[in-house]
Structure formats: structure tokens, C-alpha cells
>>> print(open('target-v9.txt').read())   # compact mmCIF, C-alpha atoms
# COMPACT_ATOMS: atom_id res chain seq x y z
CA MET A 1 54.26 84.91 -2.43
CA SER A 2 50.78 85.52 -1.50
CA GLN A 3 49.81 82.71 -3.73
CA ILE A 4 52.18 80.36 -1.95
CA GLU A 5 50.75 81.35 1.41
CA GLU A 6 47.28 80.87 0.08
CA TYR A 7 48.24 77.43 -1.25
CA GLN A 8 49.88 76.62 2.02
CA SER A 9 46.83 77.59 4.04
CA ARG A 10 44.62 75.56 1.72
CA ILE A 11 46.91 72.55 2.07
CA VAL A 12 46.90 72.90 5.86
CA ALA A 13 43.09 73.14 5.87
CA ALA A 14 42.87 70.05 3.62
CA MET A 15 45.27 68.20 5.92
CA GLU A 16 43.16 69.10 8.93
CA ARG A 17 40.04 67.88 7.16
CA ILE A 18 41.80 64.61 6.18
CA GLY A 19 42.96 64.15 9.78
CA ALA A 20 39.44 64.73 11.07
CA GLY A 21 38.09 62.20 8.50
CA VAL A 22 40.66 59.59 9.51
CA ALA A 23 39.81 60.10 13.17
CA ALA A 24 36.11 59.69 12.37
CA LEU A 25 36.83 56.52 10.40
CA ASP A 26 38.88 55.16 13.30
CA ALA A 27 35.97 55.84 15.65
CA GLN A 28 33.51 54.14 13.30
CA GLY A 29 35.84 51.19 12.84
CA ALA A 30 36.03 50.70 16.58
CA GLN A 31 32.22 50.78 16.80
CA GLY A 32 31.90 48.43 13.75
CA THR A 33 34.28 45.93 15.28
CA GLY A 34 32.21 45.87 18.46
CA ALA A 35 29.00 45.40 16.48
CA ALA A 36 30.60 42.64 14.39
CA GLU A 37 31.74 40.89 17.55
CA ALA A 38 28.22 41.14 19.00
CA LEU A 39 26.72 39.76 15.80
CA GLY A 40 29.28 36.95 15.80
CA ALA A 41 28.33 36.07 19.37
CA GLN A 42 24.64 36.03 18.47
CA LEU A 43 25.41 33.82 15.46
CA GLU A 44 27.26 31.35 17.68
CA GLU A 45 24.34 31.28 20.14
CA GLU A 46 21.93 30.55 17.27
CA LYS A 47 24.18 27.79 15.97
CA GLN A 48 24.25 26.19 19.41
CA ALA A 49 20.48 26.48 19.76
CA ASN A 50 20.04 24.94 16.28
CA ALA A 51 22.35 22.04 17.18
CA GLN A 52 20.38 21.43 20.38
CA LEU A 53 17.09 21.42 18.44
CA GLU A 54 18.51 18.97 15.89
CA GLU A 55 19.63 16.64 18.70
CA ARG A 56 16.20 16.85 20.31
CA LEU A 57 14.49 16.15 16.99
CA ALA A 58 16.73 13.12 16.39
CA SER A 59 15.91 11.77 19.86
CA LEU A 60 12.17 12.31 19.29
CA ILE A 61 12.36 10.51 15.94
CA SER A 62 14.19 7.53 17.45
CA LYS A 63 11.72 7.42 20.36
CA HIS A 64 8.78 7.50 17.92
CA GLN A 65 10.31 4.70 15.84
CA ALA A 66 10.82 2.61 18.97
CA GLU A 67 7.19 3.15 20.00
CA LEU A 68 5.98 2.15 16.52
CA ALA A 69 8.11 -1.00 16.59
CA ALA A 70 6.75 -1.90 20.03
CA GLN A 71 3.15 -1.39 18.88
CA LYS A 72 3.75 -3.46 15.76
CA ALA A 73 5.31 -6.25 17.82
CA GLU A 74 2.37 -6.08 20.22
CA LEU A 75 -0.09 -6.28 17.33
CA ASP A 76 1.77 -9.19 15.72
CA THR A 77 1.63 -11.18 18.95
CA SER A 78 -1.92 -10.31 19.90
CA ALA A 79 -4.43 -13.15 20.11
CA GLU A 80 -6.86 -11.30 17.87
CA PHE A 81 -4.25 -10.92 15.12
CA THR A 82 -3.29 -14.59 15.42
CA ALA A 83 -6.94 -15.61 15.24
CA LEU A 84 -7.50 -13.45 12.17
CA LYS A 85 -4.47 -14.97 10.46
CA ALA A 86 -5.78 -18.47 11.22
CA GLN A 87 -9.21 -17.53 9.84
CA LEU A 88 -7.62 -16.15 6.70
CA LYS A 89 -5.62 -19.34 6.14
CA ALA A 90 -8.74 -21.45 6.69
CA LEU A 91 -10.72 -19.32 4.25
CA GLN A 92 -7.99 -19.51 1.65
CA ALA A 93 -7.76 -23.28 2.04
CA GLY A 94 -11.56 -23.61 1.79
CA GLN A 95 -11.69 -21.38 -1.27
CA SER A 96 -8.85 -23.26 -2.91
CA GLU A 97 -10.58 -26.57 -2.24
CA ALA A 98 -13.91 -25.25 -3.52
CA MET A 99 -12.28 -23.89 -6.67
CA SER A 100 -10.52 -27.20 -7.36
CA ARG A 101 -13.82 -29.08 -6.88
CA LEU A 102 -15.53 -26.65 -9.21
CA ASP A 103 -12.78 -27.05 -11.79
CA MET A 104 -12.99 -30.86 -11.63
CA ASP A 105 -16.77 -30.74 -11.98
CA VAL A 106 -16.55 -28.40 -14.97
CA GLN A 107 -14.04 -30.76 -16.63
CA ARG A 108 -16.33 -33.70 -15.91
CA MET A 109 -19.29 -31.83 -17.43
CA ARG A 110 -17.26 -31.03 -20.57
CA GLN A 111 -16.31 -34.66 -20.99
CA ALA A 112 -19.91 -35.79 -20.48
CA ASN A 113 -21.14 -33.24 -23.03
CA ASP A 114 -18.52 -34.43 -25.53
CA GLN A 115 -19.71 -38.04 -25.00
CA LEU A 116 -23.30 -36.94 -25.41
CA ARG A 117 -22.52 -35.18 -28.69
CA ALA A 118 -20.67 -38.24 -30.00
CA SER A 119 -23.52 -40.58 -28.96
CA ASN A 120 -26.12 -38.32 -30.52
CA ALA A 121 -24.12 -38.14 -33.76
CA ALA A 122 -23.85 -41.96 -33.87
CA LEU A 123 -27.57 -42.28 -33.11
CA ARG A 124 -28.40 -39.84 -35.91
CA ARG A 125 -26.28 -41.79 -38.37
CA ALA A 126 -27.98 -45.05 -37.32
CA ASN A 127 -31.42 -43.44 -37.73
CA GLU A 128 -30.45 -42.14 -41.18
CA GLN A 129 -29.57 -45.69 -42.21
CA GLY A 130 -32.81 -46.97 -40.75
CA VAL A 131 -31.02 -49.21 -38.31
CA GLY A 132 -32.21 -48.86 -34.72
CA GLU A 133 -29.35 -50.02 -32.56
CA PRO A 134 -30.26 -50.40 -28.91
CA HIS A 135 -26.67 -50.05 -27.66
CA LEU A 136 -26.43 -46.59 -29.30
CA ILE A 137 -29.64 -45.52 -27.59
CA ASN A 138 -28.34 -46.87 -24.26
CA SER A 139 -24.97 -45.12 -24.63
CA ALA A 140 -26.73 -41.85 -25.56
CA MET A 141 -28.96 -42.12 -22.51
CA LEU A 142 -25.96 -42.92 -20.28
CA ALA A 143 -24.04 -39.95 -21.71
CA GLU A 144 -27.02 -37.68 -21.14
CA LEU A 145 -27.40 -38.98 -17.59
CA GLU A 146 -23.69 -38.37 -16.93
CA SER A 147 -24.01 -34.87 -18.39
CA LEU A 148 -26.92 -34.13 -16.06
CA ARG A 149 -24.95 -35.45 -13.06
CA ALA A 150 -21.91 -33.38 -14.00
CA SER A 151 -24.10 -30.30 -14.46
CA ARG A 152 -25.66 -30.84 -11.04
CA ALA A 153 -22.21 -31.32 -9.43
CA THR A 154 -20.99 -28.12 -11.09
CA ASP A 155 -24.00 -26.20 -9.82
CA SER A 156 -23.44 -27.61 -6.34
CA ALA A 157 -19.75 -26.63 -6.41
CA GLU A 158 -20.64 -23.10 -7.54
CA VAL A 159 -23.17 -22.75 -4.72
CA SER A 160 -20.59 -24.05 -2.22
CA ALA A 161 -18.03 -21.54 -3.48
CA VAL A 162 -20.53 -18.68 -3.10
CA LEU A 163 -21.53 -19.85 0.38
CA ASP A 164 -17.86 -20.13 1.38
CA LYS A 165 -17.41 -16.48 0.36
CA LEU A 166 -20.60 -15.29 2.07
CA GLY A 167 -20.14 -17.26 5.30
CA PRO A 168 -17.47 -15.02 6.84
CA LEU A 169 -19.31 -11.90 5.74
CA LEU A 170 -22.57 -13.03 7.30
CA ALA A 171 -20.85 -14.26 10.46
CA GLY A 172 -19.82 -10.70 11.27
CA ALA A 173 -23.14 -9.17 10.22
CA LYS A 174 -25.37 -7.64 12.86
CA ASN A 175 -29.12 -7.22 12.92
CA LEU A 176 -30.02 -10.17 10.72
CA PRO A 177 -33.77 -10.40 10.05
CA GLU A 178 -35.66 -12.79 12.30
CA GLY A 179 -35.44 -16.44 11.38
CA GLU A 180 -32.15 -16.10 9.45
CA ASP A 181 -28.93 -17.56 10.74
CA ALA A 182 -25.44 -16.58 9.81
>>> encode(input="target-v9.txt", output="C-alpha cells")
Amino acid sequence: MSQIEEYQSRIVAAMERIGAGVAALDAQGAQGTGAAEALGAQLEEEKQANAQLEERLASLISKHQAELAAQKAELDTSAEFTALKAQLKALQAGQSEAMSRLDMDVQRMRQANDQLRASNAALRRANEQGVGEPHLINSAMLAELESLRASRATDSAEVSAVLDKLGPLLAGAKNLPEGEDA
């Protein structure tokens, strides 16, 4: 029987220890629930603060976009912008016209050079045969004269195209040397 009493006392002691452990766990659980509730409340506060910041950021972005649109509209309607657009169109038209003149003059020069080559070939053939034909000499001279005129017109068109490009650049230049105009 002494063994039974010993087992019984050990079981009672183990039951007391288990009871004390359960009570401690209940106490910790109550504290953990309070801490979890506090953390939950803090989380909710942070979520609200984050939502408010996102709303503020969205309003700042829309305000910034509105300001940019207003500035762009103001720039598009400004007199300076309109004047610059008009200058650009005039420059483009002038350059286009100068390039077409240059192209026509180059074509004219090519045709004159082709005529000159043909006249010179005919003149050479006539000289080889010993026949001096005045109309071949005249046509060769006319072709050469036309070639020279076309070359001069091409040079003039090239100079005009360069001056058209330089004009706007020099117009805005400051501190030109004395005696030079823009």
C-alpha cells in the first residue's frame, strides 16, 4: 500500500502542477489577447493614415497636372510662341522655295552640259572630216553660254540657300563686329 499512497501523492502533485500551468496559461492568454487587440488597433490607425496619405498624394498629382495643363495652354496662346511659329513657317517656306530653285537650276545646268557635250562631239566629227560648219560652232557656243548661265544660276541659288539659313541665326546674334549687319 505504501506504493499506492506514493503513487497517489505523486499524481496529486502532478495534478497541482498541471493546474498551476493551466492557470498561468490562462493569465498569459488574457495578456496576449489584450496585446493583440492593441496591435490590431495600431494596425487600423496605420491603415487609416496610409489611406489619408494616398488621397492627399492623388489630390497633389491632379493639382500638378492641372497646373501643367494651364501653363501649356498659356504657352500655346502666348504672342511669343505664335510669333515663333510664324517665323518657323516662313523659314520653312523660304527654304522650300530656295531648294526648289536650286533643284531647277541644277537640272538646267545638267541639260546645258548635255547639249554642250553633244555640240562638242558634232564639232569634233566635223573637224575630223575637215568640214568647218559654222552652225555647229554657233550651237556649241550657245550651249557653252547656256551652261555658263546655268552654272551661275546654280551658284546663286546655293548662295541664297546658305543666306536663308544664316539669316535667322545672325538676326539673333549679339555683339557683331563693327560695320557688319545681320
>>> closest_residue(input="target-v9.txt", among="A:Thr82, A:Thr154, A:Asn127, A:Asn138", to="A:Asp103", atoms="all atoms listed in the file")
A:Thr154
>>> atom_distance(input="target-v9.txt", atom1="atom CA of A:Ser100", atom2="atom CA of A:Arg152")
16.0 Å
>>> atom_distance(input="target-v9.txt", atom1="atom CA of A:Ser119", atom2="atom CA of A:Val106")
19.8 Å
